[in-house]
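S.K.: Next comes work_19.cif, mmCIF, C-alpha atoms:
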```cif
data_data
#
loop_
_atom_site.label_atom_id
_atom_site.label_comp_id
_atom_site.auth_asym_id
_atom_site.auth_seq_id
_atom_site.Cartn_x
_atom_site.Cartn_y
_atom_site.Cartn_z
CA MET A 514 23.85 -407.35 34.08
CA ARG A 515 21.52 -405.15 32.00
CA ARG A 516 23.27 -402.54 29.86
CA ILE A 517 22.24 -398.90 30.43
CA LYS A 518 21.25 -397.22 27.21
CA ASN A 519 22.84 -393.90 26.29
CA VAL A 520 20.62 -390.79 26.24
CA SER A 521 20.34 -389.50 22.72
CA ASN A 522 21.17 -385.93 21.68
CA LYS A 523 17.55 -385.47 20.59
CA ILE A 524 16.27 -386.13 24.09
CA ILE A 525 18.78 -383.70 25.56
CA ILE A 526 17.73 -381.01 23.07
CA LEU A 527 14.03 -381.62 23.82
CA VAL A 528 14.68 -381.37 27.57
CA ILE A 529 16.52 -378.09 27.05
CA LEU A 530 13.82 -376.67 24.76
CA SER A 531 11.01 -377.76 27.09
CA GLY A 532 12.74 -376.16 30.07
CA PHE A 533 13.56 -373.03 28.10
CA PHE A 534 9.95 -372.41 27.00
CA ASN A 535 8.55 -373.16 30.45
CA LEU A 536 11.06 -370.73 31.94
CA LEU A 537 10.13 -368.21 29.24
CA SER A 538 6.45 -368.63 30.09
CA TYR A 539 7.22 -367.99 33.76
CA CYS A 540 9.16 -364.83 32.84
CA PHE A 541 6.26 -363.51 30.77
CA ASP A 542 3.87 -364.26 33.66
CA GLN A 543 6.06 -362.17 35.95
CA LEU A 544 6.10 -359.35 33.39
CA VAL A 545 2.29 -359.51 33.27
CA ILE A 546 2.12 -359.20 37.07
CA GLN A 547 4.47 -356.22 37.07
CA ALA A 548 2.62 -354.55 34.20
CA GLU A 549 -0.73 -355.07 35.96
CA LEU A 550 0.64 -353.43 39.12
CA LYS A 551 1.72 -350.45 37.05
CA ASN A 552 -1.61 -350.52 35.24
CA ARG A 553 -3.53 -350.26 38.53
CA ASP A 554 -1.61 -347.11 39.37
CA LEU A 555 -2.38 -345.76 35.90
CA GLU A 556 -6.06 -346.57 36.40
CA ARG A 557 -6.12 -344.58 39.65
CA ARG A 558 -4.49 -341.65 37.92
CA LEU A 559 -6.89 -342.02 35.00
CA VAL A 560 -9.91 -341.84 37.33
CA SER A 561 -8.36 -338.89 39.17
CA ASN A 562 -7.76 -337.02 35.89
CA ARG A 563 -11.29 -337.77 34.71
CA ILE A 564 -12.76 -336.43 37.96
CA SER A 565 -10.60 -333.33 37.65
CA LEU A 566 -11.90 -332.75 34.11
CA GLU A 567 -15.49 -333.27 35.22
CA THR A 568 -14.97 -330.81 38.08
CA LEU A 569 -13.56 -328.22 35.69
CA SER A 570 -16.44 -328.82 33.29
CA TYR A 571 -18.93 -328.25 36.12
CA GLU A 572 -17.00 -325.15 37.18
CA ILE A 573 -17.12 -323.70 33.65
CA SER A 574 -20.81 -324.47 33.24
CA THR A 575 -21.63 -322.98 36.65
CA LEU A 576 -19.61 -319.81 36.06
CA ASN A 577 -21.39 -319.36 32.74
CA ASP A 578 -24.78 -319.77 34.40
CA LEU A 579 -23.90 -317.42 37.26
CA ARG A 580 -22.64 -314.75 34.91
CA PHE A 581 -25.84 -315.00 32.89
CA GLU A 582 -27.95 -314.80 36.06
CA ILE A 583 -26.10 -311.68 37.20
CA VAL A 584 -26.62 -309.91 33.88
CA LYS A 585 -30.27 -310.93 33.66
CA SER A 586 -31.20 -310.00 37.24
CA THR A 587 -29.30 -306.68 37.32
CA ASP A 588 -30.61 -305.56 33.91
CA TYR A 589 -34.14 -306.39 35.01
CA PHE A 590 -33.69 -304.47 38.26
CA HIS A 591 -32.15 -301.44 36.53
CA LYS A 592 -35.01 -301.38 34.08
CA HIS A 593 -37.80 -301.50 36.69
CA LEU A 594 -36.19 -299.51 39.53
CA PRO A 595 -36.96 -295.96 38.31
CA THR A 596 -40.38 -296.99 36.98
CA ASN A 597 -41.57 -298.35 40.32
CA LEU A 598 -39.81 -295.72 42.43
CA TYR A 599 -41.09 -292.68 40.62
CA GLY A 600 -44.39 -294.36 39.81
CA ALA A 601 -45.06 -294.69 43.55
CA ILE A 602 -44.19 -291.02 44.14
CA SER A 603 -46.31 -289.94 41.18
CA PHE A 604 -49.46 -291.80 42.26
CA LEU A 605 -49.16 -291.49 46.06
CA GLY A 606 -47.76 -287.95 46.26
CA LYS A 607 -50.18 -285.07 46.15
CA ASP A 608 -48.67 -281.80 44.97
CA LYS A 609 -51.21 -278.99 45.19
CA ASN A 610 -48.97 -276.70 43.13
CA SER A 611 -48.83 -279.14 40.22
CA GLU A 612 -51.22 -278.63 37.32
CA PHE A 613 -51.43 -282.39 36.78
CA SER A 614 -52.78 -284.94 39.21
CA TRP A 615 -53.61 -288.61 38.72
CA GLN A 616 -56.66 -288.02 40.86
CA LYS A 617 -58.17 -286.12 37.93
CA ILE A 618 -58.05 -289.36 35.91
CA TYR A 619 -58.54 -291.97 38.63
CA ASP A 620 -60.43 -291.72 41.85
CA GLU A 621 -58.33 -291.42 44.99
CA LYS A 622 -58.76 -295.07 45.96
CA THR A 623 -57.66 -296.34 42.53
CA ALA A 624 -54.67 -293.97 42.40
CA LYS A 625 -53.55 -295.11 45.85
CA LYS A 626 -53.94 -298.73 44.83
CA ILE A 627 -51.76 -298.17 41.75
CA GLY A 628 -49.14 -296.33 43.83
CA ASP A 629 -49.10 -299.08 46.46
CA ASN A 630 -48.69 -301.61 43.68
CA PHE A 631 -45.56 -299.77 42.48
CA LEU A 632 -44.17 -299.87 46.01
CA ASN A 633 -45.00 -303.58 46.35
CA ASN A 634 -43.29 -304.29 43.04
CA LEU A 635 -40.20 -302.39 44.19
CA ASN A 636 -40.13 -304.28 47.47
CA GLN A 637 -40.50 -307.58 45.59
CA LEU A 638 -37.61 -306.59 43.33
CA ILE A 639 -35.44 -306.13 46.42
CA LEU A 640 -36.51 -309.50 47.86
CA ASP A 641 -35.85 -311.27 44.55
CA TYR A 642 -32.49 -309.55 44.23
CA ASN A 643 -31.44 -310.58 47.75
CA LYS A 644 -32.51 -314.14 47.11
CA LYS A 645 -30.49 -314.15 43.89
CA THR A 646 -27.36 -312.93 45.70
CA ASP A 647 -27.80 -315.65 48.35
CA ASP A 648 -28.20 -318.32 45.69
CA ILE A 649 -25.20 -317.13 43.69
CA ASP A 650 -23.09 -316.83 46.84
CA LYS A 651 -24.00 -320.37 47.90
CA VAL A 652 -23.16 -321.86 44.50
CA PHE A 653 -20.06 -319.71 44.18
CA LYS A 654 -18.64 -320.86 47.51
CA SER A 655 -19.17 -324.47 46.46
CA ILE A 656 -16.60 -323.81 43.70
CA PHE A 657 -14.29 -321.36 45.47
CA PRO A 658 -14.59 -321.99 49.22
CA GLU A 659 -11.42 -320.08 50.13
CA PRO A 660 -12.08 -316.53 51.42
CA VAL A 661 -9.01 -315.27 49.60
CA PHE A 662 -11.05 -315.56 46.42
CA TYR A 663 -13.44 -312.90 47.65
CA ASN A 664 -10.48 -310.72 48.48
CA ARG A 665 -9.29 -310.96 44.87
CA LEU A 666 -12.78 -310.60 43.53
CA LEU A 667 -14.15 -307.68 45.50
CA GLY A 668 -11.09 -306.21 47.16
CA LYS A 669 -12.39 -307.13 50.60
CA TYR A 670 -12.92 -310.17 52.75
CA TYR A 671 -16.65 -310.62 52.44
CA PRO A 672 -18.94 -312.94 50.53
CA ILE A 673 -21.15 -311.94 47.64
CA LYS A 674 -24.24 -311.98 49.83
CA GLU A 675 -22.92 -308.83 51.56
CA LEU A 676 -24.07 -306.98 48.45
CA LYS A 677 -27.65 -307.55 49.48
CA ILE A 678 -30.00 -304.58 49.89
CA ASN A 679 -31.48 -303.86 53.31
CA GLU A 680 -35.03 -305.16 53.08
CA LYS A 681 -36.23 -302.31 55.34
CA ILE A 682 -34.71 -299.62 53.14
CA LEU A 683 -38.14 -298.52 51.89
CA ASN A 684 -39.40 -297.86 55.42
CA THR A 685 -38.02 -294.32 55.21
CA PHE A 686 -39.14 -293.79 51.62
CA ASN A 687 -41.54 -290.84 51.65
CA THR A 688 -44.03 -290.37 48.81
CA ASN A 689 -45.85 -287.43 50.36
CA VAL A 690 -45.38 -283.95 48.94
CA SER A 691 -44.87 -281.06 51.36
CA GLU A 692 -45.80 -277.47 50.64
CA ASP A 693 -42.68 -276.39 52.56
CA GLU A 694 -39.78 -276.25 50.10
CA ASP A 695 -37.13 -277.01 52.71
CA GLU A 696 -39.08 -280.00 54.00
CA GLN A 697 -39.68 -281.24 50.50
CA TYR A 698 -35.97 -280.86 49.73
CA LYS A 699 -35.14 -283.06 52.73
CA ARG A 700 -37.65 -285.68 51.60
CA ASP A 701 -36.30 -285.64 48.05
CA SER A 702 -32.74 -285.93 49.34
CA GLU A 703 -33.67 -288.90 51.54
CA ASN A 704 -35.52 -290.57 48.69
CA TYR A 705 -32.55 -289.98 46.41
CA LYS A 706 -30.22 -291.59 48.98
CA ILE A 707 -32.47 -294.63 49.02
CA TYR A 708 -32.45 -294.74 45.24
CA THR A 709 -28.64 -294.35 45.20
CA LYS A 710 -28.08 -297.14 47.74
CA ILE A 711 -30.24 -299.52 45.74
CA TYR A 712 -28.66 -298.52 42.46
CA GLU A 713 -25.08 -298.79 43.78
CA SER A 714 -25.74 -302.26 45.20
CA ILE A 715 -27.04 -303.42 41.84
CA ARG A 716 -24.16 -301.74 39.99
CA GLU A 717 -21.55 -303.35 42.25
CA PHE A 718 -23.27 -306.69 41.89
CA LYS A 719 -23.15 -306.39 38.11
CA THR A 720 -19.38 -305.80 38.17
CA LEU A 721 -19.10 -309.43 39.28
CA GLU A 722 -19.89 -310.34 35.68
CA TYR A 723 -16.40 -309.24 34.63
CA GLN A 724 -14.78 -311.10 37.51
CA PHE A 725 -16.72 -314.23 36.61
CA ASP A 726 -15.61 -313.80 33.03
CA TYR A 727 -11.97 -313.62 34.14
CA TYR A 728 -12.20 -316.81 36.18
CA LEU A 729 -14.25 -318.46 33.45
CA LYS A 730 -11.52 -317.87 30.88
CA ARG A 731 -8.91 -319.08 33.36
CA SER A 732 -10.88 -322.29 33.96
CA GLU A 733 -11.38 -322.79 30.21
CA ARG A 734 -7.63 -322.50 29.57
CA LYS A 735 -6.96 -324.93 32.40
CA TYR A 736 -9.57 -327.33 30.98
CA VAL A 737 -7.98 -327.27 27.51
CA ILE A 738 -4.55 -328.07 28.96
CA GLN A 739 -5.86 -330.86 31.21
CA PHE A 740 -7.99 -332.26 28.39
CA SER A 741 -4.91 -332.50 26.15
CA ASP A 742 -2.88 -334.08 28.96
CA PHE A 743 -5.72 -336.49 29.64
CA PHE A 744 -5.72 -337.78 26.06
CA ASN A 745 -1.94 -338.20 26.14
CA PHE A 746 -2.33 -340.12 29.37
CA VAL A 747 -5.05 -342.29 27.81
CA ASP A 748 -2.57 -343.18 25.04
CA GLU A 749 -0.01 -344.16 27.68
CA TYR A 750 -2.64 -346.22 29.48
CA ALA A 751 -3.65 -347.95 26.22
CA LYS A 752 0.00 -348.78 25.45
CA GLU A 753 0.43 -350.32 28.89
CA GLN A 754 -2.75 -352.32 28.41
CA ASN A 755 -1.54 -353.56 25.02
CA LYS A 756 1.78 -354.50 26.62
CA ILE A 757 -0.09 -356.69 29.14
CA ASN A 758 -2.01 -358.36 26.32
CA TYR A 759 1.24 -359.04 24.42
CA PHE A 760 2.88 -360.54 27.52
CA ILE A 761 -0.15 -362.77 28.11
CA LEU A 762 -0.12 -363.89 24.47
CA LEU A 763 3.63 -364.63 24.56
CA SER A 764 3.22 -366.50 27.84
CA ILE A 765 0.50 -368.69 26.31
CA ILE A 766 2.63 -369.36 23.23
CA ALA A 767 5.62 -370.25 25.45
CA GLN A 768 3.42 -372.62 27.49
CA ILE A 769 2.15 -374.31 24.33
CA MET A 770 5.70 -374.71 23.04
CA GLY A 771 6.84 -376.05 26.41
CA ILE A 772 4.02 -378.62 26.46
CA LEU A 773 4.76 -379.53 22.83
CA PHE A 774 8.42 -380.25 23.57
CA ILE A 775 7.48 -382.23 26.70
CA LEU A 776 5.21 -384.43 24.57
CA LEU A 777 7.96 -384.83 21.99
CA LEU A 778 10.35 -385.64 24.83
CA PHE A 779 8.07 -388.41 26.16
CA LYS A 780 7.66 -389.75 22.66
CA SER A 781 11.43 -389.85 22.11
CA ILE A 782 11.96 -391.54 25.48
CA MET A 783 9.38 -394.22 24.65
CA ILE A 784 10.95 -394.81 21.22
CA ASN A 785 14.41 -394.96 22.73
CA LYS A 786 13.20 -397.40 25.39
CA ASN A 787 11.55 -399.74 22.87
CA ASN A 788 14.65 -399.75 20.71
#
```
In structure tokens, how does this file's structure come out?

M.R.:
Amino acid sequence: MRRIKNVSNKIIILVILSGFFNLLSYCFDQLVIQAELKNRDLERRLVSNRISLETLSYEISTLNDLRFEIVKSTDYFHKHLPTNLYGAISFLGKDKNSEFSWQKIYDEKTAKKIGDNFLNNLNQLILDYNKKTDDIDKVFKSIFPEPVFYNRLLGKYYPIKELKINEKILNTFNTNVSEDEDEQYKRDSENYKIYTKIYESIREFKTLEYQFDYYLKRSERKYVIQFSDFFNFVDEYAKEQNKINYFILLSIIAQIMGILFILLLFKSIMINKNN
């Protein structure tokens, strides 16, 4: 009967080491899987935070542009309103009691053409202003769609476009001069009301600049905080990514060591068998 050879201590140690490193490799693989699951969640949060920052950046840029547009359009309107209003009255009105008349410098047709041009310019100013309020209102509501914002902003529940000027407001504007003082007083009063309505609309529209400035500063503070949090989160994301790389590296090393001890085990078995 053939004698069974005893297993050497070396073979036992190699079996243990081979099993240990293969088990270690499996453990690191499981840690990689768990870390990647956590990393996917971090990636979603990273994308969400980036989108939030981009939205805030767009909001800040838009508020800056809108504030600039308000200042530019209202200043331009304020500058040209009295010129066109009183220019139309001066050229189209004929006051027989006045010592000066444009008709002494220009012929009647030319003076009327100049006066009509002032009126056309004033009407165009109103149309441009109304278009500007519509544009700003449209862009503004794309950022702040909730009506409560308008309540905070203007003290009422209405959009910015409600600040528009009635495009038919000049229909009652009277440039003629009456010899009757009472009649002329009524005409001047009506013209002044028209001027006041236009001016007040522009003035109220310009006050939005300060409201925009308030919300701009609020958005800028929010952006700074989120930007700081975003960079801290990026550090956390980078650490998690490095952790995955370390686990992968350790798993590979453990696999190599496991294979190495398996080879040494086979070698020892073959040597033991031949002996």

S.K.: Evaluating the PyMOL selection byres ((chain A and resi 642-646) around 12) on the displayed file yields which residues, as a count of residues only?

M.R.: 46

S.K.: Using all atoms listed in the file, list the residues that have an atom at most 12 Å from (-50.7, -298.8, 43.4), coordinates as in the file, as JSON, numbers by chain.

M.R.: {"A": [597, 598, 599, 600, 601, 602, 603, 604, 605, 606, 615, 619, 621, 622, 623, 624, 625, 626, 627, 628, 629, 630, 631, 632, 633, 634, 635]}

S.K.: Once the PyMOL selection byres ((chain A and resi 781) around 12) has been evaluated on this model, what residues remain selected, and can you format them as a JSON list (two decimals) with C-alpha atoms, in the coordinates of the input?

M.R.:
```json
[["chain", "number", "residue", "atom", "x", "y", "z"],
["A", 520, "VAL", "CA", 20.62, -390.79, 26.24],
["A", 521, "SER", "CA", 20.34, -389.50, 22.72],
["A", 522, "ASN", "CA", 21.17, -385.93, 21.68],
["A", 523, "LYS", "CA", 17.55, -385.47, 20.59],
["A", 524, "ILE", "CA", 16.27, -386.13, 24.09],
["A", 525, "ILE", "CA", 18.78, -383.70, 25.56],
["A", 526, "ILE", "CA", 17.73, -381.01, 23.07],
["A", 527, "LEU", "CA", 14.03, -381.62, 23.82],
["A", 528, "VAL", "CA", 14.68, -381.37, 27.57],
["A", 774, "PHE", "CA", 8.42, -380.25, 23.57],
["A", 775, "ILE", "CA", 7.48, -382.23, 26.70],
["A", 776, "LEU", "CA", 5.21, -384.43, 24.57],
["A", 777, "LEU", "CA", 7.96, -384.83, 21.99],
["A", 778, "LEU", "CA", 10.35, -385.64, 24.83],
["A", 779, "PHE", "CA", 8.07, -388.41, 26.16],
["A", 780, "LYS", "CA", 7.66, -389.75, 22.66],
["A", 782, "ILE", "CA", 11.96, -391.54, 25.48],
["A", 783, "MET", "CA", 9.38, -394.22, 24.65],
["A", 784, "ILE", "CA", 10.95, -394.81, 21.22],
["A", 785, "ASN", "CA", 14.41, -394.96, 22.73],
["A", 786, "LYS", "CA", 13.20, -397.40, 25.39],
["A", 787, "ASN", "CA", 11.55, -399.74, 22.87],
["A", 788, "ASN", "CA", 14.65, -399.75, 20.71]]
```

S.K.: Evaluate the PyMOL selection byres ((chain A and resi 758-768) around 10) and record the selected residues as a PyMOL selection string, following the chain and residue labels used in the document.

M.R.: chain A and resi 531+533-546+548+752-757+769-774

S.K.: Residues around (-44.6, -284.0, 49.6), cut-off 8 Å, counting only C-alpha atoms - what are they as a tab-separated table (two decimals) with C-alpha atoms, in the coordinates of the input?

M.R.:
```tsv
chain	number	residue	atom	x	y	z
A	606	GLY	CA	-47.76	-287.95	46.26
A	607	LYS	CA	-50.18	-285.07	46.15
A	608	ASP	CA	-48.67	-281.80	44.97
A	687	ASN	CA	-41.54	-290.84	51.65
A	688	THR	CA	-44.03	-290.37	48.81
A	689	ASN	CA	-45.85	-287.43	50.36
A	690	VAL	CA	-45.38	-283.95	48.94
A	691	SER	CA	-44.87	-281.06	51.36
A	692	GLU	CA	-45.80	-277.47	50.64
A	697	GLN	CA	-39.68	-281.24	50.50
A	700	ARG	CA	-37.65	-285.68	51.60
```

S.K.: Of the residues A:Ile529, A:Ile707, A:Leu555, A:Ile656, which is the one nearest to Ser570 of chain A, using only C-alpha atoms?

M.R.: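 The answer is A:Ile656, which sits nearest to Ser570 of chain A.
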
S.K.: Kindly give the distance, in Å, that separates atom CA of Arg553 of chain A and atom CA of Thr568 of chain A, rounded to a single decimal.

M.R.: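 Interatomic distance, atom CA of Arg553 of chain A to atom CA of Thr568 of chain A: 22.6 Å.
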
S.K.: Take atom CA of Gln724 of chain A and atom CA of Glu572 of chain A and report the distance between them in Å, one decimal.

M.R.: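 Between atom CA of Gln724 of chain A and atom CA of Glu572 of chain A the gap works out to 14.2 Å.
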
S.K.: Could you give me, as a ChimeraX atom specification, the residues within 12 Å of Ser565 of chain A, counting all atoms listed in the file and dropping anything in the same chain fewer than 5 positions from it?

M.R.: /A:558-560,570-572,732,735-736,738-740,742-743

S.K.: Measure the distance from atom CA of Leu576 of chain A to atom CA of Phe725 of chain A in Å and round it to one decimal.

M.R.: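 Atom CA of Leu576 of chain A sits 6.3 Å away from atom CA of Phe725 of chain A.
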